[in-house]
Structure formats: C-alpha cells, structure tokens
file entry-v2.cif (mmCIF, C-alpha atoms)
data_coords
loop_
_atom_site.label_atom_id
_atom_site.label_comp_id
_atom_site.auth_asym_id
_atom_site.auth_seq_id
_atom_site.Cartn_x
_atom_site.Cartn_y
_atom_site.Cartn_z
CA MET E 17 29.50 6.19 45.51
CA ILE E 18 25.97 4.94 46.29
CA ARG E 19 24.60 2.54 43.66
CA SER E 20 21.07 3.89 44.01
CA MET E 21 22.14 7.26 42.65
CA TYR E 22 23.27 5.74 39.38
CA SER E 23 20.14 3.61 39.22
CA GLY E 24 18.10 6.78 39.57
CA ILE E 25 20.09 8.50 36.82
CA ALA E 26 19.50 5.51 34.51
CA GLY E 27 15.78 5.67 35.29
CA LEU E 28 15.67 9.39 34.51
CA LYS E 29 17.23 8.79 31.09
CA ASN E 30 14.82 5.97 30.28
CA PHE E 31 11.71 7.90 31.27
CA GLN E 32 12.94 10.92 29.36
CA THR E 33 13.20 8.69 26.27
CA LYS E 34 9.68 7.42 26.90
CA LEU E 35 8.34 10.96 27.21
CA ASP E 36 10.09 11.86 23.95
CA VAL E 37 8.35 8.97 22.16
CA ILE E 38 4.98 9.85 23.70
CA GLY E 39 5.41 13.47 22.65
CA ASN E 40 6.13 12.39 19.08
CA ASN E 41 3.05 10.17 19.08
CA ILE E 42 0.80 12.98 20.27
CA ALA E 43 2.33 15.40 17.76
CA ASN E 44 1.36 12.98 14.95
CA VAL E 45 -2.14 12.16 16.15
CA ASN E 46 -3.54 13.61 12.89
CA THR E 47 -0.79 12.40 10.54
CA TYR E 48 -2.28 10.08 7.93
CA GLY E 49 -0.71 6.62 7.97
CA PHE E 50 1.42 7.36 11.05
CA LYS E 51 2.42 4.37 13.18
CA LYS E 52 2.95 5.10 16.86
CA GLY E 53 6.06 4.24 18.83
CA ARG E 54 6.29 2.27 22.05
CA VAL E 55 9.16 2.13 24.57
CA THR E 56 9.97 -0.93 26.67
CA PHE E 57 12.54 -1.18 29.45
CA GLN E 58 14.66 -4.01 30.79
CA GLU E 59 16.80 -4.53 33.82
CA ALA E 60 20.43 -3.52 33.53
CA MET E 61 23.31 -5.57 34.97
CA ASN E 62 23.31 -6.86 38.53
CA GLN E 63 26.11 -6.87 41.08
CA THR E 64 26.42 -10.22 42.84
CA ILE E 65 27.32 -9.81 46.50
CA GLN E 66 27.18 -13.49 47.30
CA GLY E 67 26.58 -16.46 45.04
CA ALA E 68 24.03 -19.19 45.56
CA SER E 69 24.89 -22.34 47.46
CA GLY E 70 23.42 -25.82 47.35
CA ALA E 71 22.05 -27.95 50.17
CA GLY E 72 24.46 -30.01 52.28
CA ASP E 73 25.62 -30.94 55.78
CA GLY E 74 22.04 -30.95 57.02
CA ARG E 75 21.34 -27.45 55.74
CA GLY E 76 19.22 -26.24 52.85
CA GLY E 77 20.43 -24.27 49.87
CA LYS E 78 20.85 -20.53 49.87
CA ASN E 79 19.97 -18.03 47.16
CA SER E 80 22.43 -15.59 45.71
CA LEU E 81 22.54 -11.99 46.84
CA GLN E 82 22.35 -9.53 43.94
CA VAL E 83 21.78 -5.79 43.69
CA GLY E 84 20.36 -4.35 40.48
CA LEU E 85 22.10 -1.42 38.85
CA GLY E 86 19.14 0.27 37.21
CA SER E 87 17.34 -0.14 33.90
CA VAL E 88 18.03 0.43 30.23
CA THR E 89 15.85 1.00 27.19
CA ALA E 90 15.11 -2.39 25.65
CA THR E 91 13.18 -1.43 22.49
CA ILE E 92 11.50 1.46 20.78
CA ASP E 93 8.89 -0.34 18.67
CA SER E 94 6.99 0.89 15.66
CA VAL E 95 3.48 -0.46 16.27
CA GLN E 96 2.13 -1.45 12.83
CA THR E 97 -1.52 -1.96 13.75
CA GLN E 98 -4.31 -1.01 11.34
CA ALA E 99 -5.91 2.36 12.08
CA SER E 100 -9.42 3.44 11.21
CA LEU E 101 -10.21 4.97 7.81
CA GLN E 102 -11.44 8.49 7.16
CA THR E 103 -13.64 9.16 4.14
CA THR E 104 -12.44 12.04 1.94
CA GLY E 105 -14.24 11.43 -1.37
CA ARG E 106 -11.07 12.27 -3.32
CA SER E 107 -10.20 9.62 -5.91
CA LEU E 108 -6.44 9.81 -5.28
CA ASP E 109 -6.78 9.34 -1.53
CA LEU E 110 -6.09 5.65 -1.01
CA ALA E 111 -5.93 3.44 2.06
CA VAL E 112 -4.67 -0.12 2.53
CA ASN E 113 -7.03 -2.54 4.25
CA GLY E 114 -4.77 -5.16 5.78
CA ASP E 115 -1.04 -5.64 5.55
CA GLY E 116 1.26 -3.94 3.09
CA PHE E 117 2.75 -0.60 2.17
CA PHE E 118 2.55 1.55 -0.94
CA VAL E 119 5.84 1.55 -2.84
CA VAL E 120 7.35 4.89 -3.85
CA GLN E 121 10.66 5.74 -5.44
CA GLY E 122 12.85 8.07 -3.44
CA PRO E 123 16.11 9.87 -4.16
CA GLY E 124 18.58 7.89 -6.25
CA GLY E 125 15.99 5.29 -7.18
CA GLN E 126 15.70 3.97 -3.62
CA ASN E 127 12.46 2.12 -2.87
CA LEU E 128 10.59 3.57 0.11
CA PHE E 129 7.32 2.49 1.70
CA THR E 130 4.36 4.32 3.18
CA ARG E 131 0.86 3.81 4.55
CA GLY E 132 -0.09 7.42 3.85
CA GLY E 133 -2.04 7.28 0.59
CA ASN E 134 -2.69 10.97 -0.11
CA PHE E 135 -1.34 10.98 -3.66
CA TYR E 136 -1.30 13.62 -6.39
CA LEU E 137 -0.54 14.05 -10.09
CA ASP E 138 2.40 16.23 -11.12
CA GLN E 139 2.59 18.33 -14.27
CA GLY E 140 3.44 15.27 -16.35
CA GLY E 141 0.60 13.13 -15.02
CA THR E 142 2.86 10.99 -12.80
CA MET E 143 1.31 9.87 -9.52
CA VAL E 144 3.42 11.18 -6.63
CA THR E 145 3.35 11.71 -2.89
CA GLY E 146 3.09 15.17 -1.37
CA ASP E 147 6.90 15.36 -1.44
CA GLY E 148 7.13 14.36 -5.09
CA TYR E 149 8.19 10.73 -4.59
CA ARG E 150 6.85 8.65 -7.50
CA VAL E 151 4.29 5.94 -6.70
CA GLN E 152 5.21 2.59 -8.24
CA GLN E 153 3.34 -0.18 -10.03
CA PHE E 154 4.57 -3.76 -10.41
CA GLN E 155 4.32 -5.24 -13.90
CA ASN E 156 6.10 -8.31 -15.23
CA GLY E 157 8.42 -8.32 -12.24
CA VAL E 158 9.54 -4.70 -12.76
CA LEU E 159 8.62 -1.55 -10.83
CA SER E 160 7.66 1.50 -12.87
CA ASP E 161 6.04 4.91 -12.42
CA ILE E 162 2.27 5.33 -12.65
CA SER E 163 1.29 7.90 -15.27
CA ILE E 164 -2.22 9.15 -15.97
CA ASN E 165 -2.55 11.31 -19.07
CA SER E 166 -5.55 13.56 -18.44
CA GLY E 167 -5.63 14.43 -22.15
CA ALA E 168 -5.63 10.81 -23.33
CA VAL E 169 -7.80 9.99 -26.35
CA LEU E 170 -9.07 6.48 -27.01
CA PRO E 171 -9.23 5.87 -30.78
CA ALA E 172 -12.32 4.41 -32.41
CA GLN E 173 -12.36 0.62 -32.77
CA THR E 174 -14.26 -1.02 -35.59
CA THR E 175 -16.72 -3.72 -34.59
CA ASN E 176 -15.38 -7.13 -35.56
CA GLN E 177 -17.33 -9.44 -33.29
CA ILE E 178 -20.95 -9.89 -32.26
CA THR E 179 -21.88 -12.29 -29.46
CA LEU E 180 -25.24 -13.90 -28.71
CA SER E 181 -25.66 -15.18 -25.15
CA GLY E 182 -28.47 -16.32 -22.89
CA ASN E 183 -31.33 -18.70 -23.69
CA LEU E 184 -33.49 -19.32 -26.78
CA PRO E 185 -36.22 -21.64 -25.39
CA ASN E 186 -37.36 -24.79 -27.15
CA ASN E 187 -40.95 -24.61 -25.89
CA VAL E 188 -42.31 -21.60 -27.79
CA ALA E 189 -45.98 -22.34 -28.58
CA ASP E 190 -46.31 -19.95 -31.53
CA PRO E 191 -44.14 -21.22 -34.41
CA ASP E 192 -43.99 -17.68 -35.84
CA PHE E 193 -43.04 -16.02 -32.59
CA SER E 194 -40.32 -13.38 -32.93
CA PHE E 195 -38.68 -10.68 -30.89
CA SER E 196 -36.05 -8.04 -31.60
CA GLN E 197 -33.29 -6.11 -29.92
CA GLN E 198 -31.13 -3.17 -30.93
CA MET E 199 -27.38 -3.07 -30.92
CA LYS E 200 -24.70 -0.56 -31.88
CA VAL E 201 -21.77 -1.17 -34.21
CA VAL E 202 -18.89 1.08 -35.25
CA ASP E 203 -17.65 1.21 -38.83
CA ASP E 204 -14.07 1.63 -40.03
CA GLN E 205 -14.43 5.41 -40.05
CA GLY E 206 -15.37 5.55 -36.37
CA ILE E 207 -19.07 6.18 -37.02
CA GLU E 208 -21.73 4.43 -34.96
CA HIS E 209 -24.73 2.62 -36.47
CA VAL E 210 -27.79 1.13 -34.80
CA LEU E 211 -28.79 -2.35 -35.99
CA GLU E 212 -31.95 -4.30 -35.27
CA VAL E 213 -31.55 -7.98 -34.47
CA GLU E 214 -34.76 -9.97 -35.03
CA MET E 215 -35.07 -13.58 -33.84
CA THR E 216 -37.90 -15.79 -35.10
CA ALA E 217 -38.78 -19.27 -33.87
CA ASN E 218 -38.30 -21.96 -36.52
CA GLY E 219 -39.41 -25.08 -34.71
CA ALA E 220 -38.33 -26.38 -31.31
CA ASN E 221 -34.59 -26.36 -31.89
CA SER E 222 -34.08 -23.71 -34.53
CA TRP E 223 -34.22 -19.90 -34.70
CA ASN E 224 -33.86 -17.55 -37.65
CA VAL E 225 -31.80 -14.46 -36.90
CA ALA E 226 -31.80 -11.29 -39.03
CA PHE E 227 -29.36 -8.38 -38.64
CA ARG E 228 -30.93 -5.30 -40.20
CA ASN E 229 -29.88 -1.67 -40.69
CA ASN E 230 -33.22 0.15 -40.84
CA SER E 231 -31.59 3.44 -41.79
CA MET E 232 -30.67 2.00 -45.20
CA GLU E 233 -32.73 1.05 -48.20
CA SER E 234 -30.48 -1.18 -50.25
CA ALA E 235 -29.56 -4.81 -50.69
CA ASN E 236 -26.74 -4.39 -48.18
CA ASN E 237 -28.98 -3.49 -45.26
CA GLU E 238 -29.71 -7.04 -44.01
CA THR E 239 -28.14 -10.43 -43.51
CA THR E 240 -29.75 -13.53 -42.05
CA GLY E 241 -28.77 -16.88 -40.61
CA THR E 242 -30.23 -19.80 -38.67
CA ILE E 243 -29.18 -21.06 -35.25
CA GLN E 244 -29.75 -24.77 -34.76
CA PHE E 245 -29.36 -26.75 -31.54
CA ASN E 246 -28.27 -30.39 -31.65
CA ALA E 247 -29.47 -33.14 -29.29
CA ALA E 248 -26.95 -32.03 -26.66
CA GLY E 249 -28.25 -28.44 -26.80
CA VAL E 250 -25.14 -27.03 -28.48
CA ALA E 251 -25.81 -24.08 -30.80
CA ALA E 252 -24.33 -23.63 -34.27
CA TRP E 253 -25.05 -21.57 -37.37
CA ASN E 254 -26.65 -23.42 -40.30
CA PRO E 255 -26.42 -21.42 -42.46
CA ALA E 256 -24.31 -18.61 -41.00
CA PRO E 257 -25.12 -14.97 -41.81
CA GLN E 258 -22.92 -13.46 -44.49
CA ASN E 259 -20.91 -10.28 -44.07
CA LEU E 260 -23.13 -7.46 -42.86
CA ARG E 261 -22.31 -4.12 -44.47
CA VAL E 262 -23.51 -0.64 -43.68
CA GLU E 263 -23.71 2.45 -45.87
CA ARG E 264 -23.65 6.15 -45.15
CA GLY E 265 -23.63 9.44 -46.98
CA THR E 266 -25.45 10.69 -50.05
CA PRO E 267 -25.06 8.91 -52.35
CA PRO E 268 -24.48 5.97 -49.98
CA VAL E 269 -20.99 4.52 -49.81
CA ALA E 270 -20.87 0.77 -49.13
CA GLY E 271 -18.23 -1.30 -47.41
CA ASN E 272 -17.52 0.81 -44.34
CA PHE E 273 -18.32 -2.00 -41.95
CA ALA E 274 -18.37 -5.74 -42.46
CA LEU E 275 -18.24 -8.68 -40.08
CA ALA E 276 -15.37 -10.95 -41.01
CA ALA E 277 -16.89 -13.89 -39.10
CA PRO E 278 -20.43 -14.90 -38.08
CA PRO E 279 -21.65 -13.85 -34.62
CA VAL E 280 -20.45 -15.98 -31.72
CA VAL E 281 -23.11 -18.32 -30.27
CA GLU E 282 -20.93 -20.38 -27.96
CA GLY E 283 -22.68 -20.79 -24.61
CA LEU E 284 -26.14 -20.02 -26.03
CA THR E 285 -28.69 -22.43 -24.49
CA ASN E 286 -31.96 -23.98 -25.69
CA ASN E 287 -33.66 -24.73 -22.38
CA PRO E 288 -37.39 -24.45 -21.69
CA GLY E 289 -38.41 -21.21 -20.04
CA GLU E 290 -38.00 -17.53 -20.75
CA ILE E 291 -36.09 -15.78 -23.50
CA THR E 292 -32.98 -14.20 -21.97
CA THR E 293 -30.91 -13.68 -25.10
CA GLN E 294 -28.56 -10.69 -25.21
CA VAL E 295 -26.78 -9.43 -28.32
CA GLN E 296 -23.52 -7.55 -27.75
CA ALA E 297 -20.95 -6.10 -30.12
CA ASN E 298 -17.43 -4.91 -29.50
CA GLY E 299 -16.02 -1.72 -30.97
CA ASN E 300 -16.26 1.83 -29.71
CA LEU E 301 -16.34 5.43 -30.79
CA SER E 302 -13.42 7.78 -30.24
CA GLY E 303 -13.42 9.25 -26.74
CA SER E 304 -11.38 11.42 -24.40
CA LEU E 305 -10.48 10.62 -20.79
CA GLU E 306 -13.04 12.12 -18.42
CA SER E 307 -12.09 10.56 -15.11
CA PHE E 308 -10.40 7.58 -13.53
CA SER E 309 -11.14 5.27 -10.64
CA VAL E 310 -9.21 2.89 -8.39
CA SER E 311 -10.72 -0.51 -7.62
CA ASN E 312 -10.30 -2.45 -4.39
CA THR E 313 -7.66 -4.56 -6.16
CA GLY E 314 -5.58 -1.47 -6.95
CA LEU E 315 -6.50 -1.39 -10.65
CA ILE E 316 -6.59 2.18 -11.99
CA SER E 317 -9.14 2.44 -14.83
CA GLY E 318 -9.80 5.35 -17.15
CA VAL E 319 -13.38 6.36 -17.93
CA TYR E 320 -13.73 7.84 -21.42
CA SER E 321 -16.44 10.05 -22.89
CA ASN E 322 -17.61 7.20 -25.13
CA GLY E 323 -18.45 5.09 -22.07
CA VAL E 324 -15.46 2.76 -22.41
CA VAL E 325 -13.56 1.87 -19.23
CA THR E 326 -9.99 0.67 -19.79
CA PRO E 327 -7.21 -0.27 -17.33
CA MET E 328 -4.37 2.26 -17.10
CA ALA E 329 -2.15 1.03 -14.27
CA GLU E 330 -2.14 -1.21 -11.20
CA LEU E 331 -0.87 -0.25 -7.78
CA SER E 332 1.72 -2.41 -6.08
CA LEU E 333 2.11 -3.19 -2.39
CA ALA E 334 5.06 -4.42 -0.38
CA ASN E 335 4.93 -6.76 2.57
CA PHE E 336 7.64 -7.64 5.10
CA ASN E 337 8.29 -10.55 7.42
CA ASN E 338 8.94 -8.04 10.19
CA PRO E 339 7.29 -4.70 9.40
CA SER E 340 8.19 -3.40 12.86
CA GLY E 341 11.83 -3.67 11.79
CA LEU E 342 11.43 -0.94 9.15
CA VAL E 343 13.39 2.24 9.70
CA LYS E 344 11.56 5.56 9.62
CA PHE E 345 12.92 7.64 6.74
CA GLY E 346 10.94 10.79 7.53
CA ASN E 347 8.10 12.36 5.58
CA ASN E 348 5.84 9.48 6.63
CA LEU E 349 8.08 6.97 4.82
CA PHE E 350 9.85 3.77 5.82
CA GLN E 351 12.91 2.02 4.41
CA GLU E 352 14.17 -1.55 4.65
CA SER E 353 16.54 -2.63 7.39
CA VAL E 354 18.55 -5.79 7.92
CA ASN E 355 15.89 -6.94 10.41
CA SER E 356 12.74 -6.06 8.45
CA GLY E 357 13.40 -8.63 5.76
CA VAL E 358 13.41 -8.04 2.03
CA ALA E 359 10.33 -6.36 0.58
CA ASN E 360 7.92 -8.83 -1.00
CA ILE E 361 6.46 -6.65 -3.75
CA GLY E 362 3.43 -7.67 -5.77
CA ASP E 363 -0.08 -6.63 -6.70
CA VAL E 364 -2.74 -5.97 -4.08
CA GLU E 365 -4.35 -9.40 -4.36
CA THR E 366 -1.01 -11.19 -4.04
CA VAL E 367 -0.27 -9.37 -0.78
CA GLY E 368 -3.76 -10.30 0.45
CA SER E 369 -5.08 -6.80 1.11
CA THR E 370 -7.55 -4.43 -0.50
CA ILE E 371 -7.50 -0.76 -1.46
CA SER E 372 -10.15 1.74 -0.38
CA SER E 373 -10.40 4.69 -2.76
CA GLY E 374 -11.61 8.03 -1.42
CA THR E 375 -10.37 7.24 2.10
CA LEU E 376 -7.19 7.71 4.10
CA GLU E 377 -5.83 5.67 6.98
CA MET E 378 -5.65 7.77 10.10
CA SER E 379 -2.92 7.69 12.73
CA ASN E 380 -3.10 4.69 15.09
CA VAL E 381 -2.31 6.94 18.06
CA ASP E 382 -4.86 6.63 20.90
CA LEU E 383 -4.80 9.89 22.86
CA SER E 384 -6.31 8.39 26.01
CA GLU E 385 -3.62 5.71 26.03
CA GLU E 386 -0.85 8.22 25.35
CA PHE E 387 -1.94 10.53 28.16
CA THR E 388 -2.11 7.59 30.55
CA GLU E 389 1.42 6.56 29.54
CA MET E 390 2.52 10.17 29.96
CA ILE E 391 1.25 10.24 33.54
CA SER E 392 2.98 6.94 34.24
CA ALA E 393 6.26 8.22 32.76
CA GLN E 394 5.98 11.48 34.65
CA ARG E 395 5.50 9.71 37.97
CA GLY E 396 8.34 7.33 37.18
CA PHE E 397 10.57 10.32 36.40
CA GLN E 398 9.61 11.97 39.69
CA ALA E 399 10.26 8.78 41.65
CA ASN E 400 13.74 8.47 40.18
CA THR E 401 14.53 12.08 41.08
CA ARG E 402 13.57 11.22 44.67
CA ILE E 403 16.04 8.33 44.57
CA ILE E 404 18.79 10.74 43.54
CA THR E 405 17.74 13.28 46.20
CA THR E 406 17.69 10.63 48.93
CA SER E 407 21.07 9.28 47.84
CA ASP E 408 22.45 12.80 47.95
CA GLN E 409 21.15 13.26 51.49
CA ILE E 410 22.86 10.02 52.57
CA LEU E 411 26.14 11.22 51.05
CA GLU E 412 25.71 14.51 52.85
CA GLU E 413 25.33 12.66 56.17
CA LEU E 414 28.48 10.69 55.43
CA VAL E 415 30.41 13.86 54.71
CA ASN E 416 29.15 15.41 57.92
CA LEU E 417 30.53 12.52 59.99
CA LYS E 418 33.95 14.23 59.90
CA ARG E 419 32.69 17.35 61.64
#

call {"tool": "encode", "arguments": {"input": "entry-v2.cif", "output": "structure tokens"}}
result
Amino acid sequence: MIRSMYSGIAGLKNFQTKLDVIGNNIANVNTYGFKKGRVTFQEAMNQTIQGASGAGDGRGGKNSLQVGLGSVTATIDSVQTQASLQTTGRSLDLAVNGDGFFVVQGPGGQNLFTRGGNFYLDQGGTMVTGDGYRVQQFQNGVLSDISINSGAVLPAQTTNQITLSGNLPNNVADPDFSFSQQMKVVDDQGIEHVLEVEMTANGANSWNVAFRNNSMESANNETTGTIQFNAAGVAAWNPAPQNLRVERGTPPVAGNFALAAPPVVEGLTNNPGEITTQVQANGNLSGSLESFSVSNTGLISGVYSNGVVTPMAELSLANFNNPSGLVKFGNNLFQESVNSGVANIGDVETVGSTISSGTLEMSNVDLSEEFTEMISAQRGFQANTRIITTSDQILEELVNLKR
C-alpha cells in the first residue's frame, strides 16, 4: 500500500487530538484557575531506502535516502502560566500571586492541588472547595483542616502589662511642664476602666509619672513613679510605681485590677526634640467574632466586636519541581505524578508567593490564540484528507491498469 495514505491517517489523528485540546481550552475560558493545554507533534519513524556513504575513490559522500512515515503526538502540556486576577470583593475568594497551589484533602485523605480559590464554609465552619474538599493549613509539619467558628467568643483578658514607648525629651524649658494621656485597662471581671497617665518634667533626665483613675475618690485611685535616664540614655524606674488598683460598685469594691509589675520602659528615649511618648496596655473585653480577613501571607485573622484581631489559621501552598507534570484530577484539581516531583508544602512566604483576598485567578486561555490554532489545525486536517484522497486516486489508477 502507498505510504502517504498512512501518513495522512496519522496526521488526521494528530490534528483531531489537537482540536480536542483546543475545544477543551475554549470550553474552560471562564473556569477560575484553569490551565490551558497545548499539543506538540513529532516525526514518526522513517524508512531508509539507501544509507549514507562516505567520500572515496575521487567521489564525494552521499546522503542517505529516507522516507518519513507520518507524525505522532509528542506531548499534551499543561501550561502553568499565571493568569490575570478578577476582583470579586468576597473574602473567601483567594488567588495565588506567583507559583504554588492551594492544598485540599480529597477522598481517602489524598492531597490534591488547585489554583481555583473560590472557597466556602460548610455547616461546621470548615473551609472547603465547591465540591466539599477540605482546604488545608500547614502547622508544625502537619496538614490539618481550616475551621472558622462564626460563633467564636474571645474571653476577656485582664491587663497585666503597661508599656511606655517613644521619647521624653531632655530639653524641656519649663521644669514644671506636664502632659497627660488616657489609656484603657481591663479588670479581672472583664470590665474596662479609663486611666489618666500624667507625665511631669523633673529636671533634664527625670520624669514623674502618675497613673490615676479619675472615676474613683479613694486612696487606691493613684500610683506614681519616676523615670530616670542614665548617661547612656537608658530609662529605668526609680522609684517604680506600686500596684495600681481600681474600684467599682457601690460601695466600691477594691482589688479588681492590679499591676503585678511596673510599666515597661525599655526602648524609651531621652533625646532632644518633641514628646512622642505613647502609653499602651494589654488586656481586652469579651468579644464575639464579627468577621475575618486573609492577609497576603495567607494568615486568616478573626476580627472581634471588642476590636481585637487574632490569628485563626494560615493557608498552605504546595510547589513542584515540574508543575506541568501534574495530572488533572477533574473538578479543577491536580494530583501528583511520578514526573511532577513530590509536593513541597509550606506557608505562603516559604513558597515565595502572595495571596490576594477578594480576587480569583482567571483562566489562562487566550481566545484569539485558540481560534488561530483552531484554524491551523483545521487546515492541517483538510490537507491530510487530501493526501488520503490523492493516494486513493493513485491506487484506483493502479487497479485500472488491469482493464
């Protein structure tokens, strides 16, 4: 039989495969996180009619005579290029900027990977994909589910530390100069109190500090101390303020709040210039979870009604030596293969990427490119059908020789 006919048949099969891949790309042009496919061809085997010969006897060398026997599909690649991001404004829509895949747990505990970050919370507060696969976090070398309890309550924390930071200048002209700030503390019953902190200059390198509860009228409503700076500008209490106590109720009940240690002054400076001192206290009121946010490092933080923001979980990402070697699992998911390499799972910063909250990565399919490839494949398909038709006509002429 004529070799060209079989070459044409091989070409038809290859271009049909290419059209199949192009059709799948176009069908997923609006699939979030979709990575397009690409088909490449390579020459099939060749039939050698005559081998090459070297130069000799006054004659030059001669090339071999070979006839190609068509083409075969070389690869069907998964093109893992970054696509553009679409803003959605939804806090659980996440996109990866850079390399890496979100890690989800599939059936039987199998780890699967995706670039589609449209996540949801199920009835138990577990973060899942649209198909219910659980999104994973990586903590202490172990993968675990991400759970967000929408009814979480943050208990009250009693204030046990006050910190003074900034600068108390050593060039105050008025020796009686003073200024004050307000701060909030929380007692052991979860009740908030407002304290006034008054600082008065006491020479070039010394300041008197008074902590006062103006809502009280008793001996327990104030405590004082003196901050002194040595020659190196290091601050220290001398003397330190004693335990500050607050009272509440009628009649007042003492002892509901007391500092176990003097306020921290480490890092406080005594440089000439402006007063930039800030007084801060830890502790918080009881609060309920109002919302949560995802940072660009993948840290999920809860925002409570008392204004406290606390970390709740941290997203993990997986990277591969050969991401194009991943096998498509379906449902916009990938799984490891022997050629993708083992998943290197870590936090977002370790992988070297960032997370964009309120956005989704679009498909990396370019319609203009796909339609151009479709035209090329269509013409290639038509040309191969002509090869088969022409070969058939030649066979017909051979058959007719017997007439």

call {"tool": "resolve_selection", "arguments": {"input": "entry-v2.cif", "expression": "the PyMOL selection byres ((chain E and resi 63) around 6)", "output": "list in words"}}
result
Asn62, Thr64, Gln82 and Val83 of chain E

call {"tool": "atom_distance", "arguments": {"input": "entry-v2.cif", "atom1": "CA of Ala43 in chain E", "atom2": "CA of Thr370 in chain E"}}
result
28.7 Å

call {"tool": "closest_atom_pairs", "arguments": {"input": "entry-v2.cif", "of": "range 110-191 of chain E", "to": "range 211-233 of chain E", "cutoff": "7 Å", "atoms": "only C-alpha atoms", "output": "JSON lines"}}
result
{"residue": "E:Asn186", "atom": "CA", "partner": "E:Ala220", "partner_atom": "CA", "distance": 4.6}
{"residue": "E:Asn187", "atom": "CA", "partner": "E:Ala220", "partner_atom": "CA", "distance": 6.3}
{"residue": "E:Pro191", "atom": "CA", "partner": "E:Ala217", "partner_atom": "CA", "distance": 5.7}

call {"tool": "write_last_selection", "arguments": {"input": "entry-v2.cif", "atoms": "C-alpha atoms", "output": "PDB file, keeping the file's coordinate frame"}}
result
ATOM      1  CA  ASN E 186     -37.360 -24.790 -27.150  1.00  0.00           C
ATOM      2  CA  ASN E 187     -40.950 -24.610 -25.890  1.00  0.00           C
ATOM      3  CA  PRO E 191     -44.140 -21.220 -34.410  1.00  0.00           C
TER       4      PRO E 191
END

call {"tool": "closest_residue", "arguments": {"input": "entry-v2.cif", "among": "E:Thr405, E:Gln98, E:Asn400, E:Ser107", "to": "Ile25 in chain E", "atoms": "all atoms listed in the file"}}
result
E:Asn400

call {"tool": "residues_around", "arguments": {"input": "entry-v2.cif", "residues": "Leu128 in chain E", "least_positions_apart": "3", "cutoff": "9 Å", "atoms": "only C-alpha atoms", "output": "ChimeraX atom specification"}}
result
/E:118-122,149,345,349-352

call {"tool": "resolve_selection", "arguments": {"input": "entry-v2.cif", "expression": "the PyMOL selection byres ((chain E and resi 377) around 10)", "output": "count of residues only"}}
result
25

call {"tool": "resolve_selection", "arguments": {"input": "entry-v2.cif", "expression": "the PyMOL selection byres ((chain E and resi 311) around 10)", "output": "PDB file with C-alpha atoms, keeping the file's coordinate frame"}}
result
ATOM      1  CA  SER E 309     -11.140   5.270 -10.640  1.00  0.00           C
ATOM      2  CA  VAL E 310      -9.210   2.890  -8.390  1.00  0.00           C
ATOM      3  CA  ASN E 312     -10.300  -2.450  -4.390  1.00  0.00           C
ATOM      4  CA  THR E 313      -7.660  -4.560  -6.160  1.00  0.00           C
ATOM      5  CA  GLY E 314      -5.580  -1.470  -6.950  1.00  0.00           C
ATOM      6  CA  LEU E 315      -6.500  -1.390 -10.650  1.00  0.00           C
ATOM      7  CA  ILE E 316      -6.590   2.180 -11.990  1.00  0.00           C
ATOM      8  CA  SER E 317      -9.140   2.440 -14.830  1.00  0.00           C
ATOM      9  CA  GLU E 330      -2.140  -1.210 -11.200  1.00  0.00           C
ATOM     10  CA  LEU E 331      -0.870  -0.250  -7.780  1.00  0.00           C
ATOM     11  CA  THR E 370      -7.550  -4.430  -0.500  1.00  0.00           C
ATOM     12  CA  ILE E 371      -7.500  -0.760  -1.460  1.00  0.00           C
ATOM     13  CA  SER E 372     -10.150   1.740  -0.380  1.00  0.00           C
ATOM     14  CA  SER E 373     -10.400   4.690  -2.760  1.00  0.00           C
TER      15      SER E 373
END

call {"tool": "closest_residue", "arguments": {"input": "entry-v2.cif", "among": "E:Gln398, E:Gln296, E:Gln173, E:Thr145", "to": "Asp204 in chain E", "atoms": "all atoms listed in the file"}}
result
E:Gln173

call {"tool": "residues_around", "arguments": {"input": "entry-v2.cif", "residues": "Asn156 in chain E", "least_positions_apart": "3", "cutoff": "12 Å", "atoms": "only C-alpha atoms", "output": "list in words"}}
result
Gln153, Leu159, Ser160, Glu330, Ser332, Ile361, Gly362 and Asp363 of chain E

call {"tool": "closest_residue", "arguments": {"input": "entry-v2.cif", "among": "E:Gly374, E:Pro288, E:Arg19, E:Pro279", "to": "Thr104 in chain E", "atoms": "only C-alpha atoms"}}
result
E:Gly374

call {"tool": "closest_residue", "arguments": {"input": "entry-v2.cif", "among": "E:Val280, E:Val367, E:Val95, E:Leu108", "to": "Lys51 in chain E", "atoms": "only C-alpha atoms"}}
result
E:Val95

call {"tool": "closest_residue", "arguments": {"input": "entry-v2.cif", "among": "E:Leu180, E:Pro327, E:Glu59, E:Gly148", "to": "Gly27 in chain E", "atoms": "only C-alpha atoms"}}
result
E:Glu59
